[in-house]
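Shown next: coords-v1.cif, given as mmCIF, C-alpha atoms.
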```
data_my_file
loop_
_atom_site.group_PDB
_atom_site.id
_atom_site.type_symbol
_atom_site.label_atom_id
_atom_site.label_comp_id
_atom_site.auth_asym_id
_atom_site.auth_seq_id
_atom_site.Cartn_x
_atom_site.Cartn_y
_atom_site.Cartn_z
ATOM 1 C CA MET A 18 87.051 62.821 23.240
ATOM 2 C CA HIS A 19 84.335 61.790 25.585
ATOM 3 C CA GLY A 20 82.180 64.729 24.430
ATOM 4 C CA GLN A 21 82.817 63.888 20.806
ATOM 5 C CA SER A 22 81.661 60.292 21.287
ATOM 6 C CA GLN A 23 78.614 61.556 23.139
ATOM 7 C CA PHE A 24 77.913 64.034 20.362
ATOM 8 C CA THR A 25 78.286 61.293 17.799
ATOM 9 C CA ALA A 26 75.963 58.989 19.710
ATOM 10 C CA GLY A 27 73.391 61.770 20.079
ATOM 11 C CA GLY A 28 73.633 62.565 16.373
ATOM 12 C CA ARG A 29 73.072 58.936 15.482
ATOM 13 C CA ARG A 30 70.084 58.881 17.764
ATOM 14 C CA ARG A 31 68.604 61.979 16.158
ATOM 15 C CA ARG A 32 69.212 60.622 12.649
ATOM 16 C CA ALA A 33 67.567 57.368 13.628
ATOM 17 C CA LEU A 34 64.586 59.240 15.033
ATOM 18 C CA THR A 35 64.368 61.379 11.913
ATOM 19 C CA LEU A 36 64.452 58.299 9.658
ATOM 20 C CA THR A 37 61.864 56.607 11.841
ATOM 21 C CA ALA A 38 59.621 59.645 11.720
ATOM 22 C CA ALA A 39 59.857 59.828 7.944
ATOM 23 C CA THR A 40 59.048 56.120 7.611
ATOM 24 C CA THR A 41 56.147 56.491 10.016
ATOM 25 C CA ALA A 42 54.765 59.462 8.117
ATOM 26 C CA LEU A 43 54.987 57.523 4.845
ATOM 27 C CA LEU A 44 53.282 54.522 6.450
ATOM 28 C CA LEU A 45 50.461 56.644 7.845
ATOM 29 C CA SER A 46 49.991 58.426 4.546
ATOM 30 C CA THR A 47 49.801 55.127 2.642
ATOM 31 C CA ALA A 48 47.370 53.653 5.135
ATOM 32 C CA SER A 49 45.168 56.744 5.015
ATOM 33 C CA ALA A 50 45.061 56.660 1.219
ATOM 34 C CA ALA A 51 44.048 53.009 1.388
ATOM 35 C CA GLY A 52 41.350 53.722 3.956
ATOM 36 C CA ILE A 53 43.097 51.645 6.647
ATOM 37 C CA GLU A 54 43.233 52.657 10.274
ATOM 38 C CA ILE A 55 46.458 51.470 11.916
ATOM 39 C CA SER A 56 45.956 50.636 15.573
ATOM 40 C CA GLY A 57 48.780 51.420 17.982
ATOM 41 C CA ALA A 58 50.138 54.298 15.870
ATOM 42 C CA PRO A 59 48.838 57.735 16.982
ATOM 43 C CA ALA A 60 48.361 60.432 14.429
ATOM 44 C CA ASP A 61 51.197 62.509 15.963
ATOM 45 C CA LEU A 62 53.605 59.575 15.929
ATOM 46 C CA ALA A 63 55.870 61.206 13.367
ATOM 47 C CA THR A 64 55.958 64.447 15.341
ATOM 48 C CA ALA A 65 56.614 62.670 18.604
ATOM 49 C CA ALA A 66 59.406 60.635 17.038
ATOM 50 C CA SER A 67 61.110 63.638 15.471
ATOM 51 C CA SER A 68 60.927 65.646 18.662
ATOM 52 C CA GLY A 69 62.524 62.895 20.693
ATOM 53 C CA ASN A 70 59.491 62.309 22.924
ATOM 54 C CA GLN A 71 58.913 58.809 21.503
ATOM 55 C CA GLN A 72 61.403 56.030 22.159
ATOM 56 C CA PRO A 73 62.854 54.471 18.996
ATOM 57 C CA THR A 74 61.895 50.944 20.085
ATOM 58 C CA ALA A 75 58.228 51.844 20.589
ATOM 59 C CA THR A 76 58.169 53.751 17.305
ATOM 60 C CA ILE A 77 59.719 50.874 15.380
ATOM 61 C CA ASN A 78 57.228 48.459 16.953
ATOM 62 C CA ALA A 79 54.387 50.693 15.818
ATOM 63 C CA ILE A 80 55.831 50.744 12.302
ATOM 64 C CA LYS A 81 56.127 46.970 12.271
ATOM 65 C CA LEU A 82 52.522 46.692 13.422
ATOM 66 C CA GLY A 83 51.392 49.084 10.704
ATOM 67 C CA ARG A 84 53.331 47.229 8.028
ATOM 68 C CA LYS A 85 51.768 43.934 9.127
ATOM 69 C CA GLN A 86 48.291 45.455 8.904
ATOM 70 C CA LEU A 87 49.064 46.770 5.448
ATOM 71 C CA ARG A 88 50.308 43.361 4.367
ATOM 72 C CA ASP A 89 47.176 41.722 5.795
ATOM 73 C CA SER A 90 45.051 44.270 3.982
ATOM 74 C CA ASP A 91 46.888 43.591 0.726
ATOM 75 C CA SER A 92 46.396 39.880 1.286
ATOM 76 C CA ASP A 93 42.662 40.364 1.836
ATOM 77 C CA ALA A 94 42.467 42.545 -1.235
ATOM 78 C CA ASN A 95 44.308 39.924 -3.285
ATOM 79 C CA ASN A 96 42.010 37.215 -1.972
ATOM 80 C CA TYR A 97 38.995 39.318 -2.879
ATOM 81 C CA ARG A 98 40.379 39.983 -6.344
ATOM 82 C CA GLY A 99 41.146 36.282 -6.735
ATOM 83 C CA LEU A 100 37.618 35.346 -5.716
ATOM 84 C CA LYS A 101 36.190 37.930 -8.068
ATOM 85 C CA ASP A 102 38.345 36.646 -10.929
ATOM 86 C CA LYS A 103 37.274 33.086 -10.123
ATOM 87 C CA LYS A 104 33.622 34.101 -10.329
ATOM 88 C CA LYS A 105 34.281 35.725 -13.691
ATOM 89 C CA ASP A 106 36.047 32.600 -14.929
ATOM 90 C CA ASP A 107 33.210 30.400 -13.676
ATOM 91 C CA LYS A 108 30.713 32.619 -15.452
ATOM 92 C CA LYS A 109 32.730 32.391 -18.668
ATOM 93 C CA ASP A 110 32.944 28.613 -18.319
ATOM 94 C CA LYS A 111 29.174 28.382 -17.832
ATOM 95 C CA LYS A 112 28.632 30.440 -20.978
ATOM 96 C CA LYS A 113 31.001 28.187 -22.902
ATOM 97 C CA ASP A 114 29.268 25.074 -21.595
ATOM 98 C CA LYS A 115 25.890 26.539 -22.504
ATOM 99 C CA LYS A 116 27.057 27.280 -26.039
ATOM 100 C CA ALA A 117 28.570 23.812 -26.325
ATOM 101 C CA ASN A 118 25.321 22.247 -25.112
ATOM 102 C CA LYS A 119 23.352 24.266 -27.637
ATOM 103 C CA LYS A 120 25.681 23.062 -30.377
ATOM 104 C CA ASP A 121 25.296 19.476 -29.198
ATOM 105 C CA ASP A 122 21.512 19.840 -29.072
ATOM 106 C CA ALA A 123 21.498 21.304 -32.559
ATOM 107 C CA LYS A 124 23.719 18.463 -33.739
ATOM 108 C CA ASP A 125 21.396 15.916 -32.155
ATOM 109 C CA ASP A 126 18.407 17.577 -33.799
ATOM 110 C CA ASN A 127 20.155 17.463 -37.165
ATOM 111 C CA ASN A 128 21.061 13.822 -36.659
ATOM 112 C CA LYS A 129 17.494 13.065 -35.635
ATOM 113 C CA LYS A 130 16.158 14.820 -38.732
ATOM 114 C CA ALA A 131 18.608 12.925 -40.902
ATOM 115 C CA LEU A 132 17.584 9.724 -39.181
ATOM 116 C CA GLU A 133 13.922 10.472 -39.748
ATOM 117 C CA ILE A 134 14.660 10.848 -43.443
ATOM 118 C CA ASP A 135 16.475 7.510 -43.518
ATOM 119 C CA ILE A 136 13.828 5.564 -41.593
ATOM 120 C CA ASP A 137 11.280 5.650 -44.359
ATOM 121 C CA PRO A 138 10.116 2.004 -44.490
ATOM 122 C CA SER A 139 10.684 1.980 -48.226
ATOM 123 C CA ASN A 140 14.368 2.867 -47.667
ATOM 124 C CA LEU A 141 15.104 0.174 -45.068
ATOM 125 C CA GLU A 142 17.209 -2.723 -46.300
ATOM 126 C CA ARG A 143 14.924 -5.103 -44.435
ATOM 127 C CA PRO A 144 11.883 -4.835 -42.124
ATOM 128 C CA LEU A 145 12.556 -3.164 -38.803
ATOM 129 C CA LEU A 146 10.655 -5.814 -36.813
ATOM 130 C CA ASP A 147 11.216 -9.560 -36.973
ATOM 131 C CA PHE A 148 8.454 -10.705 -34.620
ATOM 132 C CA ALA A 149 5.903 -9.445 -32.088
ATOM 133 C CA VAL A 150 4.482 -10.864 -28.862
ATOM 134 C CA ILE A 151 0.846 -9.891 -29.262
ATOM 135 C CA GLY A 152 -1.280 -11.802 -26.790
ATOM 136 C CA PHE A 153 -3.195 -12.592 -24.832
ATOM 137 C CA PRO A 154 -3.311 -10.644 -21.524
ATOM 138 C CA LYS A 155 -2.379 -12.718 -18.450
ATOM 139 C CA THR A 156 -0.906 -15.512 -20.540
ATOM 140 C CA GLY A 157 2.785 -14.955 -19.826
ATOM 141 C CA THR A 158 3.526 -12.120 -22.266
ATOM 142 C CA SER A 159 5.353 -10.066 -19.618
ATOM 143 C CA PHE A 160 7.518 -13.069 -18.738
ATOM 144 C CA MET A 161 8.342 -13.492 -22.424
ATOM 145 C CA GLU A 162 9.188 -9.799 -22.743
ATOM 146 C CA HIS A 163 11.545 -9.814 -19.726
ATOM 147 C CA TYR A 164 13.258 -12.968 -20.973
ATOM 148 C CA LEU A 165 13.840 -11.530 -24.444
ATOM 149 C CA PHE A 166 14.933 -8.187 -22.985
ATOM 150 C CA ASN A 167 17.783 -9.881 -21.099
ATOM 151 C CA THR A 168 19.238 -11.760 -24.057
ATOM 152 C CA GLU A 169 21.678 -10.341 -26.582
ATOM 153 C CA GLU A 170 20.044 -12.164 -29.498
ATOM 154 C CA THR A 171 16.975 -9.924 -29.421
ATOM 155 C CA PHE A 172 16.220 -6.237 -28.959
ATOM 156 C CA ILE A 173 12.848 -5.560 -27.368
ATOM 157 C CA ASP A 174 11.722 -2.429 -25.583
ATOM 158 C CA ASN A 175 11.188 -3.147 -21.888
ATOM 159 C CA GLN A 176 7.645 -1.809 -22.086
ATOM 160 C CA GLU A 177 4.548 -2.374 -24.143
ATOM 161 C CA ASN A 178 4.346 -0.921 -27.642
ATOM 162 C CA CYS A 179 0.785 -1.164 -28.862
ATOM 163 C CA PHE A 180 -0.430 -0.116 -32.311
ATOM 164 C CA THR A 181 -4.144 0.156 -31.732
ATOM 165 C CA ASP A 182 -4.697 3.386 -33.697
ATOM 166 C CA ALA A 183 -5.584 3.412 -37.368
ATOM 167 C CA ASN A 184 -2.932 3.925 -40.069
ATOM 168 C CA MET A 185 0.104 4.069 -37.766
ATOM 169 C CA ASP A 186 3.633 4.522 -39.141
ATOM 170 C CA MET A 187 5.100 1.854 -36.921
ATOM 171 C CA ALA A 188 8.725 2.014 -38.107
ATOM 172 C CA ARG A 189 8.949 5.762 -37.671
ATOM 173 C CA HIS A 190 7.385 5.523 -34.224
ATOM 174 C CA LEU A 191 9.760 2.804 -33.021
ATOM 175 C CA ILE A 192 12.910 4.516 -34.282
ATOM 176 C CA SER A 193 12.118 8.066 -33.206
ATOM 177 C CA THR A 194 10.665 7.264 -29.772
ATOM 178 C CA ARG A 195 12.023 3.818 -28.835
ATOM 179 C CA GLU A 196 15.537 3.877 -30.373
ATOM 180 C CA TYR A 197 15.000 0.849 -32.567
ATOM 181 C CA THR A 198 17.599 0.432 -35.282
ATOM 182 C CA LEU A 199 19.070 -2.028 -37.750
ATOM 183 C CA GLY A 200 22.532 -3.489 -37.977
ATOM 184 C CA GLN A 201 23.007 -4.667 -34.398
ATOM 185 C CA THR A 202 24.951 -7.905 -33.932
ATOM 186 C CA THR A 203 25.754 -10.175 -31.017
ATOM 187 C CA ASN A 204 29.259 -10.790 -29.702
ATOM 188 C CA ASP A 205 29.364 -13.886 -31.920
ATOM 189 C CA GLY A 206 28.442 -11.864 -34.992
ATOM 190 C CA TYR A 207 24.806 -12.953 -35.326
ATOM 191 C CA ARG A 208 22.193 -10.421 -36.337
ATOM 192 C CA VAL A 209 20.049 -9.138 -33.481
ATOM 193 C CA LYS A 210 16.327 -9.570 -34.075
ATOM 194 C CA ASN A 211 13.937 -6.778 -33.178
ATOM 195 C CA ALA A 212 10.627 -7.408 -31.444
ATOM 196 C CA VAL A 213 7.782 -5.659 -29.643
ATOM 197 C CA LYS A 214 5.237 -6.790 -27.094
ATOM 198 C CA CYS A 215 1.601 -5.829 -26.643
ATOM 199 C CA PRO A 216 -0.926 -8.340 -25.292
ATOM 200 C CA LYS A 217 -3.819 -6.163 -26.490
ATOM 201 C CA ASP A 218 -2.939 -6.116 -30.196
ATOM 202 C CA LEU A 219 -5.092 -9.144 -30.996
ATOM 203 C CA MET A 220 -8.098 -7.422 -29.465
ATOM 204 C CA GLY A 221 -7.777 -4.070 -31.231
ATOM 205 C CA PRO A 222 -9.609 -3.378 -34.499
ATOM 206 C CA TYR A 223 -6.565 -1.777 -36.206
ATOM 207 C CA SER A 224 -3.531 -3.554 -34.754
ATOM 208 C CA VAL A 225 -3.357 -6.510 -37.119
ATOM 209 C CA ALA A 226 -4.063 -4.209 -40.071
ATOM 210 C CA ASN A 227 -1.138 -2.010 -39.019
ATOM 211 C CA TYR A 228 1.171 -5.012 -38.918
ATOM 212 C CA ALA A 229 -0.047 -6.142 -42.320
ATOM 213 C CA GLU A 230 0.586 -2.694 -43.795
ATOM 214 C CA ASN A 231 3.974 -2.010 -42.177
ATOM 215 C CA PHE A 232 5.480 -5.482 -41.721
ATOM 216 C CA PRO A 233 3.632 -7.987 -43.920
ATOM 217 C CA GLU A 234 6.196 -10.748 -43.259
ATOM 218 C CA ILE A 235 6.367 -10.361 -39.475
ATOM 219 C CA LYS A 236 5.976 -13.389 -37.207
ATOM 220 C CA PHE A 237 3.648 -13.413 -34.210
ATOM 221 C CA VAL A 238 4.138 -15.036 -30.817
ATOM 222 C CA VAL A 239 0.695 -15.820 -29.376
ATOM 223 C CA SER A 240 0.466 -17.411 -25.939
ATOM 224 C CA THR A 241 -2.560 -19.149 -24.465
ATOM 225 C CA ARG A 242 -3.576 -20.424 -21.038
ATOM 226 C CA HIS A 243 -6.084 -22.768 -19.470
ATOM 227 C CA PRO A 244 -9.358 -20.819 -19.608
ATOM 228 C CA VAL A 245 -10.194 -21.296 -15.902
ATOM 229 C CA TRP A 246 -6.727 -20.293 -14.724
ATOM 230 C CA TRP A 247 -6.749 -17.420 -17.202
ATOM 231 C CA PHE A 248 -10.067 -16.162 -15.792
ATOM 232 C CA GLN A 249 -8.779 -16.404 -12.205
ATOM 233 C CA SER A 250 -5.557 -14.516 -13.020
ATOM 234 C CA ARG A 251 -7.407 -11.857 -15.012
ATOM 235 C CA TYR A 252 -10.057 -11.468 -12.305
ATOM 236 C CA ASN A 253 -7.466 -10.992 -9.535
ATOM 237 C CA TYR A 254 -5.523 -8.524 -11.672
ATOM 238 C CA LYS A 255 -8.604 -6.400 -12.252
ATOM 239 C CA LEU A 256 -9.382 -6.413 -8.516
ATOM 240 C CA ARG A 257 -5.854 -5.245 -7.686
ATOM 241 C CA GLN A 258 -6.044 -2.453 -10.235
ATOM 242 C CA THR A 259 -9.454 -1.360 -8.936
ATOM 243 C CA PHE A 260 -8.210 -1.264 -5.341
ATOM 244 C CA LYS A 261 -5.095 0.632 -6.431
ATOM 245 C CA HIS A 262 -7.237 3.485 -7.737
ATOM 246 C CA SER A 263 -9.852 3.436 -4.972
ATOM 247 C CA ASP A 264 -7.994 5.750 -2.539
ATOM 248 C CA GLY A 265 -7.891 3.013 0.094
ATOM 249 C CA GLN A 266 -11.620 2.290 0.101
ATOM 250 C CA LYS A 267 -12.625 -1.294 0.724
ATOM 251 C CA ILE A 268 -13.986 -3.047 -2.318
ATOM 252 C CA TRP A 269 -15.927 -6.237 -1.905
ATOM 253 C CA ALA A 270 -15.844 -8.854 -4.605
ATOM 254 C CA PRO A 271 -16.574 -12.560 -4.430
ATOM 255 C CA PRO A 272 -13.461 -14.716 -4.224
ATOM 256 C CA THR A 273 -12.641 -16.818 -7.247
ATOM 257 C CA SER A 274 -13.308 -19.966 -5.237
ATOM 258 C CA GLU A 275 -16.994 -19.007 -5.126
ATOM 259 C CA LEU A 276 -16.985 -18.337 -8.850
ATOM 260 C CA LEU A 277 -15.000 -21.361 -9.959
ATOM 261 C CA GLY A 278 -15.664 -23.866 -7.203
ATOM 262 C CA LYS A 279 -13.260 -26.791 -7.095
ATOM 263 C CA ASN A 280 -11.582 -25.627 -10.312
ATOM 264 C CA ALA A 281 -9.999 -22.631 -8.504
ATOM 265 C CA TYR A 282 -6.408 -22.871 -7.396
#
```
Now that the file is in, can you turn its structure into structure tokens?
Amino acid sequence: MHGQSQFTAGGRRRRALTLTAATTALLLSTASAAGIEISGAPADLATAASSGNQQPTATINAIKLGRKQLRDSDSDANNYRGLKDKKKDDKKDKKKDKKANKKDDAKDDNNKKALEIDIDPSNLERPLLDFAVIGFPKTGTSFMEHYLFNTEETFIDNQENCFTDANMDMARHLISTREYTLGQTTNDGYRVKNAVKCPKDLMGPYSVANYAENFPEIKFVVSTRHPVWWFQSRYNYKLRQTFKHSDGQKIWAPPTSELLGKNAY
């Protein structure tokens, strides 16, 4: 009876070793095919286990270590595949965005072309401009422009729009490059009036003719200033502009007090 139990225990041990050896061999074969080197598991592990020279506990620990390394390798591979798929998706998204942008650009171009057709002065229901601030320099035209720019009753470009060239299509220029339009209203429902500002228009040989040709009913805002104060302001402005473009060189000019005497301020 004692011998039978010993025989049975020995048989169980051998079967366990055989199963362990088979599992180890399969593990090593899988790792080799995957190009993975399993640390802690010698190449003759299966042979040692089947011959009884390797303890089951050590063999099982080696198998567990190998399985963990395989799992880690699979995880790395999955992460790599996931990153690769993400890059592909990002590339596809960029292509889609690029196509969408091209469509939007084409749509904008078509709208702009359609708008250019509709902005023919002869097709407008009323003149595009209601009034213009046209002069003179250093007489408060910039103050007037900033004031009108910050009210909802008027639409004025926050920069100068001068029409000093001959035969200018003013309406087409303002709509295509300055986003002027008709039909704007205030919150109270009043029509917004369009305006431009250029303090040099009264001094140009073609400006007034352009207004007469494009907007014969337009109203002008013309500001004036005391001639002595105007000269002093204009003189100082020219000095500042000259110094600005002099690369830091000192520029001597007589002060206005010497030019105007007691009339200077």
*How many Å separate CA of Met161 (chain A) from CA of Lys214 (chain A)?*
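Straight-line distance from CA of Met161 (chain A) to CA of Lys214 (chain A) works out to 8.7 Å.
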*Could you write out as an MDAnalysis selection string the residues that the PyMOL selection byres ((chain A and resi 273) around 12) matches in the shown file?*
chainID A and resid 245:254 256 270:272 274:282
*asked:* I'd like the interatomic distance between CA of Leu145 (chain A) and CA of Gly221 (chain A), to a tenth of an Å.
replied: 21.7 Å
*Determine, counting all atoms listed in the file, which protein, DNA and RNA residues have an atom within 10 Å of an atom of region 234-240 of chain A; residues of the same chain fewer than 4 positions away are not included. Present the result as a PyMOL selection string.*
chain A and resi 144-158+161+212-214+216+219+228-230
*May I ask which of the residues A:Phe160, A:Phe260, A:Trp269, A:Phe180 is the closest one to Ser224 (chain A), counting only C-alpha atoms?*
A:Phe180
*asked:* When the PyMOL selection byres ((chain A and resi 182) around 9) is applied to the structure above, which residues does it catch, written out as a list in words?
replied: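 With the shown file as input, the PyMOL selection byres ((chain A and resi 182) around 9) matches Cys179, Phe180, Thr181, Ala183, Asn184, Met185, Gly221, Pro222, Tyr223, Ser224 and Asn227 of chain A.
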_Ranking A:Arg257, A:Arg143, A:Lys115, A:Arg208 by minimum distance to Ala188 (chain A) and counting only C-alpha atoms, which one comes first?_
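Checking each of A:Arg257, A:Arg143, A:Lys115, A:Arg208 against Ala188 (chain A), counting only C-alpha atoms, the winner is A:Arg143.
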*Distance CA of Phe166 (chain A)-CA of Lys210 (chain A), one decimal place?*
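Interatomic distance here is 11.3 Å.
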